[in-house]
Amino acid sequence: MLQVLQQRRWPLVLFWVLIVAAVVAAPAVLPVFRLNLLGRFLALAIVALGIDLIWGFTGLLSLGQGIFFALGGYAIAMYLQMNSSADLPNGIPEFFGLYGVDQLPGFWEPFHSPVFTLIAIWLIPAVLAAVLGNLVFRNRIKGVYFSILTQAALLVFFNFFNGQQKLINGTNGLKTDVTQLFGQLVGSPEMQRVFFWLTAVVVILAWLFLRWVVRGRFGDVLIAIRDDEPRLRFAGYNPTLFKTIVFAIAGGLAGIGGALYTVQSGIVSPQFMTVPFSIEMVIWVAVGGRGTLVGAILGAVLINYAKSLVSEAMPQSWLFIQGGLFILVVTALPEGVIGWFRGEGPGNWLNRLGIARRSTTYPRLDREGQEEVQP
Amino acid sequence: MTQPLLELRQITVSFDGFLALSDLNLSLQPGELRAVIGPNGAGKTTFLDVITGKTVPTGGDVVFKGRSLIGTREHRIARLGVGRKFQSPRVFEKLSVQQNLALAVSQPKQPWSLLLGGLSGEQRDRVHQLMSIVNLQNRCDWFAGALSHGQKQWLEIAMLVGQNPDLLLVDEPVAGLTDEETDLTADLLKSLAGDHTVLVIEHDMEFIRRLDSSVTVLHQGHVLCEGTMDQVQADPRVIEVYLGTTEEDNG
């Protein structure tokens, strides 16, 4: 298996060089508007990485990642609002005045602290995911029932956040682009450039982290859970524990992605917790390639980029294209674009062009004579 | 007589009134090799489900190394030293042969230890040793799903041995194997007995004869009789429910 990868290593290296070059060059060549969009899509890629971990590797299809995404967004937005409201009457964020609230709700208090906020961004979603996940997993609720439960939880959270004007400004959400950070306007081009870099770095860190998680025996256990969970129990493993851990990791990543997305889009609102948005997240991973971390990143960035380009040209047509894309992937490319690329897909084309080495149906047949295999 | 390793006391399993097992008593001595036979529907697989914690019995008790297993979850029973091979081979098809075995020999099986460290040298040697026992060393990087049926059977047996359980429960290990593979499997199981306690469920009478072990006959959820293969085959009740048809076929 490793050798197959090694044979095709050069296109992979080239591919990575191009990607890194594109990200490094982006701030120089892209106008701020485009750069900001790319930064947002990279933030979404962090969420997609988490979904890939739980779905692509562990087989848990969550339709509720929007919950954790929004919680991360709300955490950073609450901090920014507090940070910018010292001069306002009562010293509390402006929107409270609209509803006649003059006392800060208690749960806002800790968000005075930047340290607390930086921890809350990932810890609150991760802990919530661990608690919700554990309740479901320990009762051995699996497959489509798990997906339905996550979607139901998403609706609960959406309705709660949407209705709580006096606590978190309800359906209007919290704006961040007019708030201040380090004496600068969050929505200013300089700050946006910083956020872009920060997001790019976090994507890479998240990718490295997950690569470490899925390689080695921990990752093997995840695949074993996906393919035959009951069997794994009889081998002495406790799948509930592993599932809880990866669901918490995915929740934490969604929170981080949500926070970075919020500061770049300028607002967090219950719209982050709508059902279609959480389903879209799953589509990014499906199109990019389940079980391939790069696929999740590419799927999130490319589909969202296509979305914004198509929406600018033909505003009504994107949903049809997205639906078509999903159907195409499910029927023709079940492994996603990257999965197809790594599998048989382009190999045949490269073969025909005489570029890649020919691989037969039984790649190891020629090795049959050698009984001794490398240790 | 020493304390038995495993004791089933008056186990009853009822599925909506249907008694899969009724008042089943059985005990295994440490190091024993025991074959369990019985016609289809005799409750052989349910009986393994009860021991491994997959099915909670309606009544009775399972005692392993002096403690009751009732209410203990599957992975804990496995960690106590009960290993199981399934009827149709169940290996992790998207993992390589080596990875399958690595999961089996890993110890402890906690998330953090799997994340933070690799296999120890000793465990790696064990994986290679297991692969050579079941003749899969030149398939070590193959996906288990690409193996033939017989190879999957053997991989699963190797995984079971790799867990190093005190009690091996082996459900139809030679189904779909060639004669030669069947003989090798019998030798393998015999060599395991002594250090381990082995319980084999099989339909293949020649295989059971080769094992040269004591035989328990299950019928309609309880033990019909126990003894050597010759004693069992001579028992008129057994001939009536099970072996009789085979004898006629052979004759």
# chains A, B, ... in the order shown; residues from 1 in each chain; ligands from 1
>>> residues_around(residues="Val198 of chain B", least_positions_apart="2", cutoff="7 Å", atoms="only C-alpha atoms", output="list of chain:residue names")
B:Glu32, B:Leu33, B:Arg34, B:Leu167, B:Leu168, B:Leu169, B:Ala193, B:His196, B:Val200
>>> residues_around(residues="Glu7 of chain B", least_positions_apart="5", cutoff="7 Å", atoms="only C-alpha atoms", output="mmCIF file with N, CA and C atoms, in the first residue's frame")
data_model
loop_
_atom_site.group_PDB
_atom_site.id
_atom_site.type_symbol
_atom_site.label_atom_id
_atom_site.label_comp_id
_atom_site.auth_asym_id
_atom_site.auth_seq_id
_atom_site.Cartn_x
_atom_site.Cartn_y
_atom_site.Cartn_z
ATOM 1 N N LEU B 26 -22.495 -26.171 31.918
ATOM 2 C CA LEU B 26 -21.272 -26.605 31.257
ATOM 3 C C LEU B 26 -20.098 -26.060 32.043
ATOM 4 N N SER B 27 -19.028 -26.831 32.159
ATOM 5 C CA SER B 27 -17.854 -26.253 32.797
ATOM 6 C C SER B 27 -16.597 -26.694 32.064
ATOM 7 N N LEU B 28 -15.640 -25.773 32.010
ATOM 8 C CA LEU B 28 -14.385 -26.018 31.299
ATOM 9 C C LEU B 28 -13.232 -25.910 32.284
ATOM 10 N N VAL B 62 -22.952 -17.011 34.468
ATOM 11 C CA VAL B 62 -21.726 -17.396 33.799
ATOM 12 C C VAL B 62 -20.578 -16.997 34.717
ATOM 13 N N VAL B 63 -19.780 -17.954 35.113
ATOM 14 C CA VAL B 63 -18.668 -17.657 36.018
ATOM 15 C C VAL B 63 -17.361 -17.933 35.305
ATOM 16 N N PHE B 64 -16.532 -16.893 35.216
ATOM 17 C CA PHE B 64 -15.237 -17.009 34.548
ATOM 18 C C PHE B 64 -14.168 -16.625 35.544
#
>>> atom_distance(atom1="atom CA of Thr179 of chain A", atom2="atom CA of Pro27 of chain A")
23.0 Å
>>> residues_around(residues="Gly145 of chain B", least_positions_apart="6", cutoff="8 Å", atoms="only C-alpha atoms", output="PDB file with N, CA and C atoms, in the first residue's frame")
ATOM      1  N   VAL B  91     -13.031  -9.795   9.854  1.00  0.00           N
ATOM      2  CA  VAL B  91     -11.781  -9.060  10.014  1.00  0.00           C
ATOM      3  C   VAL B  91     -12.060  -7.635   9.564  1.00  0.00           C
ATOM      4  N   PHE B  92     -11.145  -6.718   9.868  1.00  0.00           N
ATOM      5  CA  PHE B  92     -11.365  -5.325   9.477  1.00  0.00           C
ATOM      6  C   PHE B  92     -10.828  -5.149   8.066  1.00  0.00           C
ATOM      7  N   GLU B  93     -11.753  -5.119   7.116  1.00  0.00           N
ATOM      8  CA  GLU B  93     -11.377  -5.282   5.712  1.00  0.00           C
ATOM      9  C   GLU B  93     -10.577  -4.115   5.164  1.00  0.00           C
ATOM     10  N   LYS B  94     -10.759  -2.927   5.722  1.00  0.00           N
ATOM     11  CA  LYS B  94     -10.049  -1.767   5.193  1.00  0.00           C
ATOM     12  C   LYS B  94      -8.715  -1.535   5.915  1.00  0.00           C
ATOM     13  N   LEU B  95      -8.348  -2.489   6.756  1.00  0.00           N
ATOM     14  CA  LEU B  95      -7.033  -2.422   7.389  1.00  0.00           C
ATOM     15  C   LEU B  95      -6.177  -3.551   6.823  1.00  0.00           C
TER      16      LEU B  95
END
>>> interface_residues(of="chain B", to="chain A", cutoff="7 Å", atoms="only C-alpha atoms", output="ChimeraX atom specification")
/B:74-76,78-79,83-84,92,95,103-104,109,111,114-115,138,141
>>> write_last_selection(atoms="C-alpha atoms", output="PDB file, in the first residue's frame")
ATOM      1  CA  GLU B  74     -18.326  -7.060  25.817  1.00  0.00           C
ATOM      2  CA  HIS B  75     -14.992  -5.230  25.753  1.00  0.00           C
ATOM      3  CA  ARG B  76     -14.479  -5.820  29.470  1.00  0.00           C
ATOM      4  CA  ALA B  78     -12.656  -9.548  26.226  1.00  0.00           C
ATOM      5  CA  ARG B  79     -10.081  -7.829  28.420  1.00  0.00           C
ATOM      6  CA  GLY B  83     -11.531 -14.208  22.897  1.00  0.00           C
ATOM      7  CA  ARG B  84     -13.996 -15.034  20.169  1.00  0.00           C
ATOM      8  CA  PHE B  92     -11.365  -5.325   9.477  1.00  0.00           C
ATOM      9  CA  LEU B  95      -7.033  -2.422   7.389  1.00  0.00           C
ATOM     10  CA  LEU B 103      -4.938  -4.072  17.000  1.00  0.00           C
ATOM     11  CA  ALA B 104      -5.300  -7.566  18.405  1.00  0.00           C
ATOM     12  CA  LYS B 109      -6.372  -0.902  24.501  1.00  0.00           C
ATOM     13  CA  PRO B 111      -7.158   5.630  23.348  1.00  0.00           C
ATOM     14  CA  LEU B 114      -2.722   4.031  21.108  1.00  0.00           C
ATOM     15  CA  LEU B 115      -2.238   7.719  20.297  1.00  0.00           C
ATOM     16  CA  ASN B 138       3.860 -12.211   2.391  1.00  0.00           C
ATOM     17  CA  ASP B 141       0.414  -5.094   3.623  1.00  0.00           C
TER      18      ASP B 141
END
>>> residues_around(residues="Leu149 of chain A", least_positions_apart="6", cutoff="10 Å", atoms="only C-alpha atoms", output="PyMOL selection string")
chain A and resi 62-64+132+136+141-142+155
>>> atom_distance(atom1="atom CA of Leu205 of chain A", atom2="atom CA of Phe69 of chain A")
17.9 Å
>>> residues_around(residues="Leu24 of chain B", least_positions_apart="4", cutoff="7 Å", atoms="only C-alpha atoms", output="list in words")
Leu8, Arg9, Gln10, Ile11, Thr12, Gly221, His222 and Val223 of chain B
>>> write_last_selection(atoms="C-alpha atoms", output="PDB file, in the first residue's frame")
ATOM      1  CA  LEU B   8     -22.222 -21.941  32.924  1.00  0.00           C
ATOM      2  CA  ARG B   9     -24.910 -22.512  35.532  1.00  0.00           C
ATOM      3  CA  GLN B  10     -28.476 -23.108  34.456  1.00  0.00           C
ATOM      4  CA  ILE B  11     -28.310 -20.617  31.621  1.00  0.00           C
ATOM      5  CA  THR B  12     -31.643 -19.818  30.053  1.00  0.00           C
ATOM      6  CA  GLY B 221     -30.729 -25.328  24.039  1.00  0.00           C
ATOM      7  CA  HIS B 222     -29.386 -27.789  26.589  1.00  0.00           C
ATOM      8  CA  VAL B 223     -26.570 -30.276  26.916  1.00  0.00           C
TER       9      VAL B 223
END
>>> residues_around(residues="Leu130 of chain B", least_positions_apart="2", cutoff="9 Å", atoms="only C-alpha atoms", output="NGL selection string")
:B and (101 or 125-128 or 132-137 or 155 or 158-159 or 161-162)
>>> write_last_selection(atoms="C-alpha atoms", output="short mmCIF file (atom, residue, chain, number, x, y, z; two decimals), in the first residue's frame")
data_model
loop_
_atom_site.label_atom_id
_atom_site.label_comp_id
_atom_site.auth_asym_id
_atom_site.auth_seq_id
_atom_site.Cartn_x
_atom_site.Cartn_y
_atom_site.Cartn_z
CA LEU B 101 -3.01 -8.11 14.05
CA ASP B 125 7.68 -9.59 16.92
CA ARG B 126 4.42 -11.14 18.04
CA VAL B 127 2.63 -9.76 14.95
CA HIS B 128 5.29 -11.25 12.68
CA SER B 132 4.11 -16.74 9.96
CA ILE B 133 1.96 -19.17 11.96
CA VAL B 134 -1.00 -18.57 9.66
CA ASN B 135 1.18 -18.19 6.59
CA LEU B 136 0.27 -14.62 5.79
CA GLN B 137 3.69 -13.02 6.09
CA LEU B 155 -6.30 -14.06 9.99
CA ALA B 158 -4.42 -15.25 14.41
CA MET B 159 -6.10 -12.12 15.77
CA VAL B 161 -4.49 -15.81 19.42
CA GLY B 162 -2.85 -12.37 19.37
#
>>> select_by_dssp(residues="segment 134-237 of chain B", states="strand (DSSP E)", output="VMD selection string")
chain B and resid 167 to 171 197 to 201 214 to 219 222 to 227
>>> write_last_selection(atoms="N, CA and C atoms", output="mmCIF file, in the first residue's frame")
data_model
loop_
_atom_site.group_PDB
_atom_site.id
_atom_site.type_symbol
_atom_site.label_atom_id
_atom_site.label_comp_id
_atom_site.auth_asym_id
_atom_site.auth_seq_id
_atom_site.Cartn_x
_atom_site.Cartn_y
_atom_site.Cartn_z
ATOM 1 N N LEU B 167 -9.303 -17.947 27.411
ATOM 2 C CA LEU B 167 -10.340 -18.805 26.849
ATOM 3 C C LEU B 167 -10.587 -18.384 25.400
ATOM 4 N N LEU B 168 -10.423 -19.338 24.489
ATOM 5 C CA LEU B 168 -10.681 -19.047 23.083
ATOM 6 C C LEU B 168 -11.987 -19.710 22.683
ATOM 7 N N LEU B 169 -12.904 -18.918 22.186
ATOM 8 C CA LEU B 169 -14.165 -19.454 21.701
ATOM 9 C C LEU B 169 -14.113 -19.392 20.182
ATOM 10 N N VAL B 170 -14.134 -20.545 19.547
ATOM 11 C CA VAL B 170 -13.897 -20.584 18.105
ATOM 12 C C VAL B 170 -15.137 -21.135 17.429
ATOM 13 N N ASP B 171 -15.817 -20.286 16.678
ATOM 14 C CA ASP B 171 -17.080 -20.680 16.049
ATOM 15 C C ASP B 171 -16.818 -21.070 14.595
ATOM 16 N N THR B 197 -7.390 -22.309 27.156
ATOM 17 C CA THR B 197 -8.548 -23.191 27.132
ATOM 18 C C THR B 197 -9.283 -22.893 25.828
ATOM 19 N N VAL B 198 -9.609 -23.945 25.096
ATOM 20 C CA VAL B 198 -10.175 -23.726 23.766
ATOM 21 C C VAL B 198 -11.523 -24.419 23.662
ATOM 22 N N LEU B 199 -12.514 -23.677 23.189
ATOM 23 C CA LEU B 199 -13.827 -24.257 22.951
ATOM 24 C C LEU B 199 -14.147 -24.065 21.470
ATOM 25 N N VAL B 200 -14.379 -25.167 20.782
ATOM 26 C CA VAL B 200 -14.595 -25.108 19.335
ATOM 27 C C VAL B 200 -16.005 -25.548 19.014
ATOM 28 N N ILE B 201 -16.666 -24.761 18.201
ATOM 29 C CA ILE B 201 -17.975 -25.170 17.700
ATOM 30 C C ILE B 201 -17.783 -25.574 16.247
ATOM 31 N N SER B 214 -12.690 -33.869 24.190
ATOM 32 C CA SER B 214 -14.016 -34.250 24.656
ATOM 33 C C SER B 214 -15.058 -33.415 23.918
ATOM 34 N N VAL B 215 -16.238 -33.993 23.781
ATOM 35 C CA VAL B 215 -17.265 -33.396 22.947
ATOM 36 C C VAL B 215 -18.525 -33.175 23.782
ATOM 37 N N THR B 216 -19.111 -32.005 23.601
ATOM 38 C CA THR B 216 -20.398 -31.724 24.227
ATOM 39 C C THR B 216 -21.435 -31.591 23.115
ATOM 40 N N VAL B 217 -22.544 -32.269 23.263
ATOM 41 C CA VAL B 217 -23.598 -32.183 22.249
ATOM 42 C C VAL B 217 -24.714 -31.299 22.788
ATOM 43 N N LEU B 218 -25.009 -30.251 22.027
ATOM 44 C CA LEU B 218 -26.132 -29.390 22.381
ATOM 45 C C LEU B 218 -27.337 -29.806 21.554
ATOM 46 N N HIS B 219 -28.488 -29.760 22.202
ATOM 47 C CA HIS B 219 -29.715 -30.024 21.461
ATOM 48 C C HIS B 219 -30.825 -29.221 22.110
ATOM 49 N N HIS B 222 -30.037 -27.252 25.391
ATOM 50 C CA HIS B 222 -29.386 -27.789 26.589
ATOM 51 C C HIS B 222 -28.413 -28.891 26.206
ATOM 52 N N VAL B 223 -27.596 -29.271 27.183
ATOM 53 C CA VAL B 223 -26.570 -30.276 26.916
ATOM 54 C C VAL B 223 -27.219 -31.651 26.866
ATOM 55 N N LEU B 224 -27.052 -32.322 25.719
ATOM 56 C CA LEU B 224 -27.632 -33.650 25.563
ATOM 57 C C LEU B 224 -26.713 -34.684 26.183
ATOM 58 N N CYS B 225 -25.428 -34.618 25.855
ATOM 59 C CA CYS B 225 -24.488 -35.528 26.500
ATOM 60 C C CYS B 225 -23.065 -35.027 26.310
ATOM 61 N N GLU B 226 -22.155 -35.589 27.053
ATOM 62 C CA GLU B 226 -20.746 -35.225 26.959
ATOM 63 C C GLU B 226 -19.916 -36.493 26.966
ATOM 64 N N GLY B 227 -18.742 -36.421 26.326
ATOM 65 C CA GLY B 227 -17.870 -37.592 26.346
ATOM 66 C C GLY B 227 -16.862 -37.513 25.220
#
>>> residues_around(residues="Gly143 of chain A", least_positions_apart="2", cutoff="8 Å", atoms="only C-alpha atoms", output="ChimeraX atom specification")
/A:59-61,141,145-147
>>> atom_distance(atom1="atom CA of Leu328 of chain A", atom2="atom CA of Arg40 of chain A")
25.8 Å
>>> select_by_dssp(residues="segment 186-218 of chain A", states="helix (DSSP H, G or I)", output="list in words")
Pro189, Glu190, Met191, Gln192, Arg193, Val194, Phe195, Phe196, Trp197, Leu198, Thr199, Ala200, Val201, Val202, Val203, Ile204, Leu205, Ala206, Trp207, Leu208, Phe209, Leu210, Arg211, Trp212, Val213, Val214, Arg217 and Phe218 of chain A
>>> write_last_selection(atoms="N, CA and C atoms", output="PDB file, in the first residue's frame")
ATOM      1  N   PRO A 189      -9.187  46.274   6.612  1.00  0.00           N
ATOM      2  CA  PRO A 189      -8.396  45.410   5.730  1.00  0.00           C
ATOM      3  C   PRO A 189      -7.164  44.838   6.421  1.00  0.00           C
ATOM      4  N   GLU A 190      -6.505  45.633   7.277  1.00  0.00           N
ATOM      5  CA  GLU A 190      -5.298  45.139   7.941  1.00  0.00           C
ATOM      6  C   GLU A 190      -5.627  43.940   8.829  1.00  0.00           C
ATOM      7  N   MET A 191      -6.693  44.106   9.627  1.00  0.00           N
ATOM      8  CA  MET A 191      -7.081  43.018  10.511  1.00  0.00           C
ATOM      9  C   MET A 191      -7.504  41.789   9.709  1.00  0.00           C
ATOM     10  N   GLN A 192      -8.209  42.023   8.631  1.00  0.00           N
ATOM     11  CA  GLN A 192      -8.673  40.890   7.829  1.00  0.00           C
ATOM     12  C   GLN A 192      -7.492  40.106   7.275  1.00  0.00           C
ATOM     13  N   ARG A 193      -6.440  40.839   6.896  1.00  0.00           N
ATOM     14  CA  ARG A 193      -5.236  40.176   6.402  1.00  0.00           C
ATOM     15  C   ARG A 193      -4.619  39.288   7.503  1.00  0.00           C
ATOM     16  N   VAL A 194      -4.613  39.837   8.711  1.00  0.00           N
ATOM     17  CA  VAL A 194      -4.082  39.051   9.836  1.00  0.00           C
ATOM     18  C   VAL A 194      -4.925  37.797  10.052  1.00  0.00           C
ATOM     19  N   PHE A 195      -6.230  37.983   9.993  1.00  0.00           N
ATOM     20  CA  PHE A 195      -7.106  36.819  10.205  1.00  0.00           C
ATOM     21  C   PHE A 195      -6.909  35.774   9.117  1.00  0.00           C
ATOM     22  N   PHE A 196      -6.652  36.240   7.906  1.00  0.00           N
ATOM     23  CA  PHE A 196      -6.398  35.285   6.827  1.00  0.00           C
ATOM     24  C   PHE A 196      -5.190  34.415   7.153  1.00  0.00           C
ATOM     25  N   TRP A 197      -4.103  35.073   7.549  1.00  0.00           N
ATOM     26  CA  TRP A 197      -2.892  34.316   7.895  1.00  0.00           C
ATOM     27  C   TRP A 197      -3.147  33.372   9.044  1.00  0.00           C
ATOM     28  N   LEU A 198      -3.828  33.906  10.053  1.00  0.00           N
ATOM     29  CA  LEU A 198      -4.118  33.087  11.224  1.00  0.00           C
ATOM     30  C   LEU A 198      -4.907  31.836  10.817  1.00  0.00           C
ATOM     31  N   THR A 199      -5.908  32.049   9.963  1.00  0.00           N
ATOM     32  CA  THR A 199      -6.734  30.917   9.532  1.00  0.00           C
ATOM     33  C   THR A 199      -5.907  29.906   8.753  1.00  0.00           C
ATOM     34  N   ALA A 200      -5.061  30.423   7.852  1.00  0.00           N
ATOM     35  CA  ALA A 200      -4.239  29.508   7.047  1.00  0.00           C
ATOM     36  C   ALA A 200      -3.354  28.666   7.955  1.00  0.00           C
ATOM     37  N   VAL A 201      -2.786  29.300   8.976  1.00  0.00           N
ATOM     38  CA  VAL A 201      -1.918  28.562   9.903  1.00  0.00           C
ATOM     39  C   VAL A 201      -2.728  27.519  10.678  1.00  0.00           C
ATOM     40  N   VAL A 202      -3.928  27.925  11.128  1.00  0.00           N
ATOM     41  CA  VAL A 202      -4.735  26.985  11.918  1.00  0.00           C
ATOM     42  C   VAL A 202      -5.162  25.791  11.062  1.00  0.00           C
ATOM     43  N   VAL A 203      -5.479  26.041   9.783  1.00  0.00           N
ATOM     44  CA  VAL A 203      -5.854  24.921   8.906  1.00  0.00           C
ATOM     45  C   VAL A 203      -4.708  23.915   8.863  1.00  0.00           C
ATOM     46  N   ILE A 204      -3.505  24.435   8.690  1.00  0.00           N
ATOM     47  CA  ILE A 204      -2.356  23.523   8.588  1.00  0.00           C
ATOM     48  C   ILE A 204      -2.129  22.780   9.905  1.00  0.00           C
ATOM     49  N   LEU A 205      -2.258  23.518  11.016  1.00  0.00           N
ATOM     50  CA  LEU A 205      -2.088  22.861  12.318  1.00  0.00           C
ATOM     51  C   LEU A 205      -3.158  21.791  12.528  1.00  0.00           C
ATOM     52  N   ALA A 206      -4.401  22.126  12.163  1.00  0.00           N
ATOM     53  CA  ALA A 206      -5.489  21.159  12.335  1.00  0.00           C
ATOM     54  C   ALA A 206      -5.232  19.929  11.469  1.00  0.00           C
ATOM     55  N   TRP A 207      -4.752  20.188  10.261  1.00  0.00           N
ATOM     56  CA  TRP A 207      -4.470  19.074   9.359  1.00  0.00           C
ATOM     57  C   TRP A 207      -3.360  18.179   9.921  1.00  0.00           C
ATOM     58  N   LEU A 208      -2.296  18.812  10.431  1.00  0.00           N
ATOM     59  CA  LEU A 208      -1.196  18.035  11.003  1.00  0.00           C
ATOM     60  C   LEU A 208      -1.674  17.235  12.214  1.00  0.00           C
ATOM     61  N   PHE A 209      -2.492  17.892  13.035  1.00  0.00           N
ATOM     62  CA  PHE A 209      -3.005  17.232  14.235  1.00  0.00           C
ATOM     63  C   PHE A 209      -3.827  15.998  13.859  1.00  0.00           C
ATOM     64  N   LEU A 210      -4.734  16.172  12.909  1.00  0.00           N
ATOM     65  CA  LEU A 210      -5.592  15.046  12.544  1.00  0.00           C
ATOM     66  C   LEU A 210      -4.805  13.947  11.848  1.00  0.00           C
ATOM     67  N   ARG A 211      -3.788  14.342  11.092  1.00  0.00           N
ATOM     68  CA  ARG A 211      -2.951  13.350  10.438  1.00  0.00           C
ATOM     69  C   ARG A 211      -2.280  12.469  11.494  1.00  0.00           C
ATOM     70  N   TRP A 212      -1.859  13.138  12.552  1.00  0.00           N
ATOM     71  CA  TRP A 212      -1.244  12.403  13.649  1.00  0.00           C
ATOM     72  C   TRP A 212      -2.277  11.479  14.306  1.00  0.00           C
ATOM     73  N   VAL A 213      -3.511  11.979  14.420  1.00  0.00           N
ATOM     74  CA  VAL A 213      -4.551  11.171  15.068  1.00  0.00           C
ATOM     75  C   VAL A 213      -4.910   9.945  14.228  1.00  0.00           C
ATOM     76  N   VAL A 214      -5.044  10.140  12.909  1.00  0.00           N
ATOM     77  CA  VAL A 214      -5.566   9.027  12.102  1.00  0.00           C
ATOM     78  C   VAL A 214      -4.491   8.055  11.646  1.00  0.00           C
ATOM     79  N   ARG A 217      -2.242   3.409  15.281  1.00  0.00           N
ATOM     80  CA  ARG A 217      -3.264   2.468  15.719  1.00  0.00           C
ATOM     81  C   ARG A 217      -4.564   3.136  16.118  1.00  0.00           C
ATOM     82  N   PHE A 218      -4.485   4.380  16.617  1.00  0.00           N
ATOM     83  CA  PHE A 218      -5.727   5.071  16.977  1.00  0.00           C
ATOM     84  C   PHE A 218      -6.611   5.206  15.739  1.00  0.00           C
TER      85      PHE A 218
END
>>> closest_residue(among="A:Phe341, A:Trp122, A:Phe137, A:Phe41", to="Met281 of chain A", atoms="only C-alpha atoms")
A:Phe41
>>> closest_residue(among="A:Val263, A:Val329, A:Gly295, A:Phe182", to="Ser84 of chain A", atoms="only C-alpha atoms")
A:Phe182
>>> closest_residue(among="A:Trp318, A:Tyr74, A:Trp16, A:Trp10", to="Val294 of chain A", atoms="only C-alpha atoms")
A:Trp16
